$ cat start29.txt   # compact mmCIF, C-alpha atoms
# COMPACT_ATOMS: atom_id res chain seq x y z
CA MET L 268 20.17 22.96 -3.99
CA ALA L 269 16.55 21.93 -3.42
CA ARG L 270 15.80 20.32 -0.08
CA VAL L 271 15.20 16.56 -0.25
CA ILE L 272 12.34 15.31 1.92
CA PRO L 273 13.24 12.02 3.68
CA THR L 274 10.93 9.36 2.23
CA ARG L 275 10.27 5.77 3.19
CA GLU L 276 7.83 2.96 2.40
CA PHE L 277 6.06 0.44 4.59
CA ALA L 278 4.06 -2.54 3.24
CA LEU L 279 2.29 -5.02 5.48
CA TYR L 280 2.58 -7.81 2.91
CA SER L 281 4.97 -8.73 0.14
CA LEU L 282 2.99 -10.63 -2.48
CA SER L 283 5.85 -13.08 -2.95
CA VAL L 284 4.72 -14.82 0.26
CA PRO L 285 1.27 -15.20 1.88
CA SER L 286 2.42 -14.25 5.40
CA PRO L 287 2.98 -10.63 6.53
CA ALA L 288 6.21 -9.03 5.32
CA VAL L 289 6.85 -7.61 8.78
CA SER L 290 7.45 -9.52 12.00
CA GLY L 291 5.03 -9.28 14.87
CA THR L 292 1.72 -10.67 16.04
CA TYR L 293 -0.44 -10.47 12.92
CA PRO L 294 -2.69 -13.53 12.74
CA LEU L 295 -4.07 -13.23 9.22
CA PRO L 296 -2.14 -14.19 6.07
CA PHE L 297 -2.79 -12.14 2.96
CA SER L 298 -6.18 -12.93 1.44
CA PRO L 299 -6.55 -12.12 -2.29
CA ALA L 300 -10.33 -12.49 -1.96
CA ARG L 301 -10.49 -10.00 0.91
CA TYR L 302 -8.29 -7.59 -1.03
CA SER L 303 -10.56 -7.88 -4.08
CA ARG L 304 -13.65 -7.16 -1.98
CA TYR L 305 -11.84 -4.18 -0.47
CA LYS L 306 -11.10 -2.80 -3.93
CA TYR L 307 -14.79 -3.09 -4.77
CA GLY L 308 -16.11 -1.24 -1.75
CA SER L 309 -16.24 -3.71 1.15
CA VAL L 310 -15.97 -1.70 4.35
CA THR L 311 -15.41 -4.86 6.40
CA ALA L 312 -12.40 -5.79 4.28
CA ALA L 313 -11.01 -2.25 4.56
CA GLU L 314 -11.50 -2.36 8.34
CA THR L 315 -9.59 -5.65 8.62
CA PHE L 316 -6.65 -4.40 6.57
CA ALA L 317 -6.62 -1.10 8.49
CA ARG L 318 -6.38 -2.85 11.86
CA GLU L 319 -3.54 -5.08 10.66
CA LEU L 320 -1.66 -2.27 8.95
CA GLY L 321 -2.11 0.05 11.92
CA ALA L 322 -0.90 -2.53 14.46
CA ALA L 323 2.15 -3.38 12.36
CA PHE L 324 3.06 0.24 11.71
CA CYS L 325 2.66 1.20 15.38
CA GLU L 326 4.97 -1.63 16.36
CA ARG L 327 7.63 -1.02 13.74
CA HIS L 328 7.63 2.79 13.61
CA PRO L 329 6.43 4.28 16.90
CA GLU L 330 8.68 7.30 16.26
CA LEU L 331 6.39 8.26 13.36
CA VAL L 332 3.08 7.27 14.89
CA LEU L 333 3.98 9.35 17.96
CA ALA L 334 5.57 12.25 16.09
CA PRO L 335 4.48 15.65 17.48
CA ARG L 336 3.08 16.66 14.09
CA LEU L 337 1.52 13.92 11.98
CA LEU L 338 -0.70 14.25 8.92
CA MET L 339 -2.55 11.57 6.93
CA VAL L 340 -3.70 11.50 3.32
CA SER L 341 -4.94 8.79 0.98
CA SER L 342 -4.70 8.41 -2.78
CA PRO L 343 -5.76 11.64 -4.52
CA TYR L 344 -9.21 11.90 -6.08
CA SER L 345 -11.43 14.41 -7.83
CA HIS L 346 -14.94 13.86 -6.42
CA VAL L 347 -15.38 10.11 -5.99
CA PRO L 348 -12.85 8.74 -3.47
CA ALA L 349 -10.35 5.97 -4.16
CA ALA L 350 -10.61 2.66 -2.30
CA ALA L 351 -7.60 3.78 -0.26
CA THR L 352 -9.72 6.59 1.17
CA THR L 353 -11.87 4.03 2.99
CA LEU L 354 -8.68 2.33 4.19
CA ALA L 355 -7.32 5.65 5.50
CA ARG L 356 -10.60 6.47 7.26
CA ARG L 357 -10.43 3.16 9.14
CA LEU L 358 -6.68 3.44 9.80
CA GLN L 359 -6.92 6.92 11.31
CA PRO L 360 -8.59 5.86 14.61
CA VAL L 361 -6.09 3.01 15.01
CA LEU L 362 -3.15 5.40 14.88
CA ASN L 363 -4.90 8.09 16.88
CA ALA L 364 -5.69 5.65 19.69
CA ALA L 365 -1.94 5.14 20.12
CA ARG L 366 -1.39 8.91 20.08
CA THR L 367 -4.14 9.53 22.63
CA ARG L 368 -2.56 7.06 25.04
CA ARG L 369 0.60 9.21 24.94
CA GLY L 370 -1.28 12.49 25.35
CA LEU L 371 -0.72 13.58 21.73
CA ALA L 372 -3.19 15.41 19.52
CA PRO L 373 -5.02 13.29 16.93
CA ALA L 374 -3.50 13.19 13.45
CA PRO L 375 -5.83 14.91 10.96
CA ARG L 376 -6.66 13.31 7.64
CA LEU L 377 -6.37 15.74 4.73
CA ARG L 378 -7.18 15.43 1.05
CA VAL L 379 -4.99 15.65 -2.03
CA ASP L 380 -6.93 16.73 -5.12
CA ARG L 381 -6.71 15.04 -8.49
CA ILE L 382 -7.35 17.82 -10.98
CA SER L 383 -8.77 15.68 -13.77
CA THR L 384 -10.18 12.18 -14.20
CA SER L 385 -9.63 9.63 -16.96
CA ALA L 386 -11.22 6.55 -18.48
CA GLY L 387 -9.86 3.02 -18.21
CA ASP L 388 -8.48 0.71 -15.54
CA TYR L 389 -5.07 1.76 -14.19
CA GLY L 390 -4.57 -1.78 -12.86
CA THR L 391 -4.25 -3.14 -16.41
CA LEU L 392 -1.53 -0.73 -17.58
CA SER L 393 2.07 -1.68 -18.28
CA ALA L 394 4.89 -0.12 -16.28
CA GLN L 395 5.67 2.28 -19.14
CA ALA L 396 2.02 3.24 -19.55
CA ARG L 397 1.74 3.91 -15.82
CA ASP L 398 4.70 6.28 -15.92
CA LEU L 399 3.18 8.13 -18.88
CA HIS L 400 -0.23 8.29 -17.23
CA MET L 401 1.21 9.67 -14.00
CA ALA L 402 3.43 12.16 -15.82
CA ASN L 403 0.21 13.74 -17.12
CA ASN L 404 -1.60 13.46 -13.79
CA ALA L 405 -1.99 16.85 -12.10
CA LEU L 406 -2.31 16.78 -8.31
CA SER L 407 -2.85 19.61 -5.85
CA PHE L 408 -2.03 20.04 -2.16
CA ARG L 409 -4.02 23.29 -2.06
CA ARG L 410 -6.08 22.14 0.96
CA PHE L 411 -2.93 22.03 3.13
CA ARG L 412 -2.47 25.12 5.27
CA PRO L 413 1.16 26.28 5.61
CA GLU L 414 1.07 26.01 9.41
CA GLN L 415 -0.14 22.39 9.14
CA VAL L 416 2.61 21.26 6.81
CA ARG L 417 5.75 22.82 8.28
CA ASP L 418 7.90 20.16 9.98
CA ALA L 419 5.05 17.64 9.84
CA HIS L 420 5.42 13.95 9.06
CA LEU L 421 3.11 12.95 6.20
CA LEU L 422 1.62 9.45 5.95
CA VAL L 423 0.31 8.59 2.48
CA VAL L 424 -2.08 5.63 2.69
CA ASP L 425 -2.47 3.46 -0.42
CA ASP L 426 -3.38 -0.14 -1.07
CA VAL L 427 -0.65 -1.64 -3.24
CA ARG L 428 2.77 -0.70 -4.59
CA VAL L 429 3.25 -2.04 -8.08
CA THR L 430 5.74 -0.05 -10.16
CA GLY L 431 5.98 3.00 -7.91
CA ALA L 432 4.67 5.36 -10.60
CA HIS L 433 1.86 6.64 -8.38
CA GLN L 434 4.25 7.16 -5.48
CA ARG L 435 6.69 9.09 -7.66
CA CYS L 436 3.83 11.29 -8.88
CA LEU L 437 2.88 12.17 -5.31
CA MET L 438 6.52 12.82 -4.44
CA ARG L 439 6.86 15.27 -7.33
CA ALA L 440 3.65 17.06 -6.32
CA SER L 441 4.72 17.42 -2.68
CA GLU L 442 8.44 18.16 -3.12
CA ASP L 443 8.05 21.87 -2.34
CA LEU L 444 6.19 21.32 0.93
CA PRO L 445 8.22 22.00 4.11
CA LEU L 446 7.63 18.47 5.44
CA ALA L 447 9.85 16.71 7.95
CA SER L 448 9.30 13.37 6.15
CA ARG L 449 6.99 11.35 3.92
CA THR L 450 6.01 7.73 4.50
CA PHE L 451 4.00 5.67 2.03
CA LEU L 452 1.90 2.97 3.72
CA TYR L 453 0.66 0.01 1.69
CA ILE L 454 -1.35 -3.11 2.34
CA ALA L 455 0.94 -4.97 -0.03
CA ALA L 456 3.81 -4.64 -2.49
CA PHE L 457 4.42 -6.66 -5.63
CA PRO L 458 7.84 -8.33 -5.85
CA GLY L 459 9.91 -7.70 -8.96
CA SER L 460 8.12 -4.49 -9.85
CA LEU L 461 11.28 -2.42 -9.40
CA THR L 462 13.39 -4.67 -11.65
CA GLY L 463 11.14 -4.50 -14.70
CA ARG L 464 9.75 -8.00 -14.26
CA PHE L 465 6.26 -6.80 -13.40
CA ASP L 466 3.35 -8.25 -15.38
CA PRO L 467 0.33 -5.90 -15.16
CA ALA L 468 -1.97 -8.91 -15.46
CA GLN L 469 -0.94 -9.79 -11.89
CA GLU L 470 -2.56 -6.73 -10.37
CA ASP L 471 -5.63 -7.05 -12.58
CA ALA L 472 -6.08 -10.69 -11.54
CA LEU L 473 -5.69 -9.75 -7.87
CA ASN L 474 -8.26 -6.98 -8.13
CA HIS L 475 -10.79 -9.39 -9.61
CA THR L 476 -10.15 -12.43 -7.41
CA ALA L 477 -13.56 -12.20 -5.75
CA VAL L 478 -15.35 -9.59 -7.88
CA LYS L 479 -15.49 -10.49 -11.54
CA THR L 480 -19.11 -9.67 -12.38
CA LEU L 481 -21.86 -7.25 -11.47
CA ASP L 482 -23.51 -10.05 -9.50
CA ASP L 483 -20.35 -10.34 -7.37
CA LEU L 484 -20.52 -6.61 -6.66
CA ALA L 485 -24.22 -6.89 -5.81
CA VAL L 486 -23.39 -9.24 -2.93
CA ILE L 487 -21.27 -6.52 -1.28
CA VAL L 488 -23.87 -3.79 -1.85
CA GLU L 489 -26.83 -5.87 -0.68
CA ALA L 490 -24.99 -6.87 2.51
CA GLY L 491 -24.83 -3.21 3.52
CA ASP L 492 -21.04 -3.49 3.54
CA PHE L 493 -20.28 -0.88 0.90
CA ALA L 494 -18.53 2.44 0.34
CA TRP L 495 -18.28 4.06 -3.07
CA ASN L 496 -14.96 4.38 -4.86
CA VAL L 497 -13.71 5.23 -8.33
CA ARG L 498 -13.04 1.60 -9.25
CA VAL L 499 -16.64 0.61 -8.56
CA CYS L 500 -17.98 3.45 -10.71
CA LYS L 501 -15.81 2.54 -13.68
CA PHE L 502 -16.54 -1.16 -13.26
CA VAL L 503 -20.31 -0.68 -13.34
CA LEU L 504 -20.09 1.71 -16.30
CA ASN L 505 -17.57 -0.42 -18.21
CA PRO L 506 -18.78 -1.38 -21.71
CA ALA L 507 -18.02 -5.02 -20.85
CA ASN L 508 -20.91 -4.87 -18.36
CA TYR L 509 -23.30 -2.96 -20.60
CA GLY L 510 -25.45 -5.97 -21.49
CA GLY L 511 -26.13 -6.89 -17.87
CA LEU L 512 -26.40 -3.34 -16.56
CA PRO L 513 -30.21 -2.88 -16.80
CA ARG L 514 -30.91 -6.07 -14.84
CA PHE L 515 -28.25 -5.17 -12.27
CA LEU L 516 -29.63 -1.67 -11.74
CA ARG L 517 -33.20 -2.90 -11.34
CA ALA L 518 -32.02 -5.08 -8.44
CA MET L 519 -30.11 -2.28 -6.73
CA PRO L 520 -31.55 -0.01 -4.02
CA GLY L 521 -32.54 3.49 -5.04
CA TRP L 522 -29.66 5.16 -3.21
CA PHE L 523 -27.15 3.12 -5.21
CA VAL L 524 -28.63 4.12 -8.59
CA HIS L 525 -28.86 7.78 -7.57
CA ASP L 526 -25.31 7.80 -6.21
CA LEU L 527 -24.00 6.12 -9.37
CA PHE L 528 -25.66 8.78 -11.52
CA ARG L 529 -24.28 11.57 -9.33
CA ASN L 530 -20.77 10.07 -9.24
CA SER L 531 -20.74 9.59 -13.00
CA CYS L 532 -21.70 13.23 -13.45
CA GLN L 533 -19.28 14.66 -10.90
CA ASP L 534 -16.22 12.73 -12.08
CA GLY L 535 -17.09 13.32 -15.74
CA TYR L 536 -17.71 9.71 -16.79
CA ALA L 537 -21.06 10.76 -18.24
CA ARG L 538 -19.18 12.79 -20.85
CA MET L 539 -16.52 10.17 -21.68
CA ASP L 540 -17.10 8.16 -24.85
CA LEU L 541 -16.18 4.93 -23.07
CA TYR L 542 -18.83 5.33 -20.36
CA ALA L 543 -21.53 7.55 -21.88
CA PRO L 544 -23.72 4.66 -23.17
CA SER L 545 -23.79 3.05 -19.71
CA HIS L 546 -24.48 6.40 -18.08
CA ALA L 547 -27.54 6.67 -20.35
CA VAL L 548 -28.73 3.31 -18.96
CA VAL L 549 -28.35 4.65 -15.41
CA ARG L 550 -30.33 7.75 -16.35
CA ALA L 551 -33.05 5.56 -17.88
CA GLU L 552 -33.29 3.56 -14.64
CA LEU L 553 -33.70 6.78 -12.66
CA ARG L 554 -36.43 7.85 -15.08
CA ARG L 555 -38.19 4.51 -14.57
CA ARG L 556 -38.12 4.93 -10.79
CA SER L 557 -38.92 8.62 -10.44
CA PRO L 558 -41.76 10.74 -11.86
CA SER L 559 -39.36 13.71 -11.95
CA PRO L 560 -36.05 12.29 -13.17
CA LEU L 561 -32.89 14.20 -13.87
CA ALA L 562 -32.67 14.72 -17.62
CA ALA L 563 -29.00 15.66 -17.54
CA CYS L 564 -26.15 15.96 -15.09
CA PRO L 565 -26.98 18.56 -12.42
CA THR L 566 -24.72 21.48 -11.71
CA ALA L 567 -22.45 21.51 -8.69
CA ARG L 568 -24.96 23.81 -6.94
CA GLN L 569 -27.77 21.28 -7.51
CA PHE L 570 -25.62 18.51 -6.00
CA ALA L 571 -24.86 20.54 -2.87
$ encode --input "start29.txt" --output "structure tokens"
Amino acid sequence: MARVIPTREFALYSLSVPSPAVSGTYPLPFSPARYSRYKYGSVTAAETFARELGAAFCERHPELVLAPRLLMVSSPYSHVPAAATTLARRLQPVLNAARTRRGLAPAPRLRVDRISTSAGDYGTLSAQARDLHMANNALSFRRFRPEQVRDAHLLVVDDVRVTGAHQRCLMRASEDLPLASRTFLYIAAFPGSLTGRFDPAQEDALNHTAVKTLDDLAVIVEAGDFAWNVRVCKFVLNPANYGGLPRFLRAMPGWFVHDLFRNSCQDGYARMDLYAPSHAVVRAELRRRSPSPLAACPTARQFA
């Protein structure tokens, strides 16, 4: 019989109530606007959630935070990170500060690879569509060295638990690893998602509470409070934003336009029918700004 890895979940907030789902000294109620800004690249929002999540998890589960062997990962990605990667980067020093105080080695943060990318917004999918999407989603733990994994406790950092399809996908991909346990850490969990009462419009509305337009995104970028993620790339390249894209790009700093072009190439959006017209607009903006523009997506060697 195959070994079953002990698995648990921990969410700071249940979205049925505005206050934290766990007891303790956590001063901030859940803010949909902050969460929306986090999903669209706000480092400040990610930092705030990371401090709250880290404090709550340290208080409730010191046996895991202080485990002799602890590993951290965030949501898998191909080239462009997920928003949860920024959350994990900010959470790591919170947990490691607690470990250092006890004389323990810092917990490393590793990466799980997503083998292929896809078009569309996962946050709009039904429960059934999410299961189908994740069933076809190939993940790889190839970066994990055998000596790192054996008897280690794995923390998987994500932002929200909706139907659990993404969690189940990660569980399937990691079931052969010799882990001592797996724990999925979330900012928030949707109520009713496990009983089939989930409405996908709820997550979509939450994601767009504060960022509905390119102008809303521009506020985050121009404030210098920004880290790239997959959601931002797809949002900017979305056909719904095609009409306003040239004006938006002209107002953006050069690094943003260059990074958008690079990200679109590396994650394959430039070759997807849904995003190719917007990618052409990005390329045209680069051509307008540079006397020697990139005519096509560079190779991996050129990106290095």
$ closest_residue --input "start29.txt" --among "L:Phe493, L:Phe528, L:Tyr453, L:Phe324" --to "Arg554 of chain L" --atoms "all atoms listed in the file"
L:Phe528
$ residues_around --input "start29.txt" --residues "Leu362 of chain L" --least-positions-apart "3" --cutoff "10 Å" --atoms "all atoms listed in the file" --output "count of residues only"
18
$ residues_around --input "start29.txt" --residues "Val416 of chain L" --least-positions-apart "2" --cutoff "9 Å" --atoms "all atoms listed in the file" --output "list in words"
Arg336, Leu338, Phe411, Arg412, Pro413, Glu414, Asp418, Ala419, His420, Leu421, Leu444, Pro445, Leu446 and Ala447 of chain L
$ atom_distance --input "start29.txt" --atom1 "atom CA of Asn363 of chain L" --atom2 "atom CA of Arg409 of chain L"
24.3 Å
$ closest_residue --input "start29.txt" --among "L:Asp425, L:Asp388, L:Asp380, L:Asp471" --to "Phe316 of chain L" --atoms "all atoms listed in the file"
L:Asp425
$ closest_residue --input "start29.txt" --among "L:Pro360, L:Pro343, L:Gly510, L:Pro296" --to "Val497 of chain L" --atoms "only C-alpha atoms"
L:Pro343
$ atom_distance --input "start29.txt" --atom1 "atom CA of Leu422 of chain L" --atom2 "atom CA of Arg378 of chain L"
11.7 Å
$ closest_residue --input "start29.txt" --among "L:Pro506, L:Pro375, L:Pro299, L:Gly521" --to "Ala547 of chain L" --atoms "all atoms listed in the file"
L:Pro506
$ atom_distance --input "start29.txt" --atom1 "atom CA of Leu484 of chain L" --atom2 "atom CA of Phe502 of chain L"
9.4 Å
$ closest_residue --input "start29.txt" --among "L:Leu399, L:Ala364, L:Ala372, L:Ala455" --to "Val424 of chain L" --atoms "only C-alpha atoms"
L:Ala455
$ closest_residue --input "start29.txt" --among "L:Ser557, L:Ser303, L:Ser531, L:Ser283" --to "Lys479 of chain L" --atoms "all atoms listed in the file"
L:Ser303
$ residues_around --input "start29.txt" --residues "Lys501 of chain L" --least-positions-apart "5" --cutoff "12 Å" --atoms "all atoms listed in the file" --output "number ranges by chain"
L: 307, 347, 349, 384-389, 481, 495-496, 506-509, 527-528, 530-531, 534-537, 539, 541-543, 545-546
$ residues_around --input "start29.txt" --residues "segment 472-478 of chain L" --least-positions-apart "3" --cutoff "6 Å" --atoms "only C-alpha atoms" --output "CSV table (one decimal) with C-alpha atoms, keeping the file's coordinate frame"
chain,number,residue,atom,x,y,z
L,300,ALA,CA,-10.3,-12.5,-2.0
L,303,SER,CA,-10.6,-7.9,-4.1
L,468,ALA,CA,-2.0,-8.9,-15.5
L,469,GLN,CA,-0.9,-9.8,-11.9
L,483,ASP,CA,-20.4,-10.3,-7.4
$ residues_around --input "start29.txt" --residues "Ala518 of chain L" --least-positions-apart "4" --cutoff "10 Å" --atoms "all atoms listed in the file" --output "list in words"
Asp482, Ala485, Glu489, Pro513, Arg514 and Val524 of chain L
$ axis_aligned_box --input "start29.txt" --around "segment 331-349 of chain L" --padding-each-side "4 Å" --output "lines of an AutoDock Vina configuration file"
center_x = -4.5
center_y = 11.3
center_z = 5.1
size_x = 29.8
size_y = 18.7
size_z = 33.8
$ build_atoms --input "start29.txt" --residues "segment 546-557 of chain L" --atoms "all heavy atoms" --output "compact mmCIF listing (two decimals), in the frame of the given file"
# COMPACT_ATOMS: atom_id res chain seq x y z
N HIS L 546 -23.88 5.32 -18.85
CA HIS L 546 -24.48 6.40 -18.08
C HIS L 546 -25.92 6.63 -18.53
O HIS L 546 -26.81 6.89 -17.69
CB HIS L 546 -23.68 7.69 -18.25
CG HIS L 546 -24.28 8.87 -17.53
ND1 HIS L 546 -24.07 9.11 -16.19
CD2 HIS L 546 -25.10 9.85 -17.97
CE1 HIS L 546 -24.74 10.20 -15.83
NE2 HIS L 546 -25.37 10.67 -16.90
N ALA L 547 -26.18 6.51 -19.83
CA ALA L 547 -27.54 6.67 -20.35
C ALA L 547 -28.47 5.59 -19.78
O ALA L 547 -29.65 5.85 -19.51
CB ALA L 547 -27.54 6.62 -21.87
N VAL L 548 -27.94 4.38 -19.57
CA VAL L 548 -28.73 3.31 -18.96
C VAL L 548 -29.07 3.66 -17.51
O VAL L 548 -30.19 3.41 -17.04
CB VAL L 548 -27.97 1.97 -19.04
CG1 VAL L 548 -28.73 0.87 -18.31
CG2 VAL L 548 -27.76 1.56 -20.50
N VAL L 549 -28.11 4.23 -16.80
CA VAL L 549 -28.35 4.65 -15.41
C VAL L 549 -29.43 5.73 -15.38
O VAL L 549 -30.35 5.70 -14.55
CB VAL L 549 -27.05 5.16 -14.76
CG1 VAL L 549 -27.31 5.63 -13.34
CG2 VAL L 549 -25.98 4.07 -14.78
N ARG L 550 -29.33 6.68 -16.29
CA ARG L 550 -30.33 7.75 -16.35
C ARG L 550 -31.71 7.19 -16.66
O ARG L 550 -32.71 7.62 -16.08
CB ARG L 550 -29.92 8.78 -17.41
CG ARG L 550 -30.82 10.01 -17.45
CD ARG L 550 -30.28 11.04 -18.41
NE ARG L 550 -30.15 10.48 -19.75
CZ ARG L 550 -29.24 10.88 -20.63
NH1 ARG L 550 -28.35 11.78 -20.30
NH2 ARG L 550 -29.21 10.34 -21.83
N ALA L 551 -31.77 6.19 -17.55
CA ALA L 551 -33.05 5.56 -17.88
C ALA L 551 -33.65 4.85 -16.67
O ALA L 551 -34.87 4.86 -16.46
CB ALA L 551 -32.87 4.58 -19.03
N GLU L 552 -32.79 4.24 -15.84
CA GLU L 552 -33.29 3.56 -14.64
C GLU L 552 -33.82 4.58 -13.64
O GLU L 552 -34.85 4.34 -12.99
CB GLU L 552 -32.17 2.72 -14.00
CG GLU L 552 -32.55 2.03 -12.71
CD GLU L 552 -33.69 1.06 -12.83
OE1 GLU L 552 -33.98 0.59 -13.96
OE2 GLU L 552 -34.32 0.76 -11.80
N LEU L 553 -33.18 5.72 -13.53
CA LEU L 553 -33.70 6.78 -12.66
C LEU L 553 -35.05 7.27 -13.17
O LEU L 553 -35.97 7.52 -12.39
CB LEU L 553 -32.71 7.95 -12.60
CG LEU L 553 -31.53 7.85 -11.63
CD1 LEU L 553 -30.67 9.10 -11.73
CD2 LEU L 553 -32.01 7.65 -10.20
N ARG L 554 -35.17 7.41 -14.47
CA ARG L 554 -36.43 7.85 -15.08
C ARG L 554 -37.54 6.83 -14.81
O ARG L 554 -38.69 7.20 -14.55
CB ARG L 554 -36.25 8.06 -16.57
CG ARG L 554 -37.49 8.61 -17.28
CD ARG L 554 -37.25 8.81 -18.76
NE ARG L 554 -36.22 9.81 -18.99
CZ ARG L 554 -35.07 9.58 -19.59
NH1 ARG L 554 -34.79 8.35 -20.00
NH2 ARG L 554 -34.21 10.54 -19.78
N ARG L 555 -37.20 5.56 -14.84
CA ARG L 555 -38.19 4.51 -14.57
C ARG L 555 -38.68 4.57 -13.12
O ARG L 555 -39.86 4.32 -12.84
CB ARG L 555 -37.57 3.14 -14.85
CG ARG L 555 -38.54 1.97 -14.75
CD ARG L 555 -37.82 0.64 -14.92
NE ARG L 555 -37.01 0.30 -13.74
CZ ARG L 555 -37.51 -0.26 -12.64
NH1 ARG L 555 -38.80 -0.51 -12.54
NH2 ARG L 555 -36.71 -0.54 -11.62
N ARG L 556 -37.79 4.93 -12.21
CA ARG L 556 -38.12 4.93 -10.79
C ARG L 556 -38.77 6.21 -10.31
O ARG L 556 -39.49 6.21 -9.31
CB ARG L 556 -36.86 4.70 -9.95
CG ARG L 556 -36.24 3.33 -10.14
CD ARG L 556 -35.02 3.19 -9.25
NE ARG L 556 -34.36 1.91 -9.45
CZ ARG L 556 -33.88 1.15 -8.46
NH1 ARG L 556 -34.00 1.55 -7.21
NH2 ARG L 556 -33.29 0.01 -8.72
N SER L 557 -38.50 7.32 -10.96
CA SER L 557 -38.92 8.62 -10.44
C SER L 557 -39.80 9.35 -11.43
O SER L 557 -39.51 9.40 -12.63
CB SER L 557 -37.69 9.47 -10.12
OG SER L 557 -38.08 10.79 -9.78
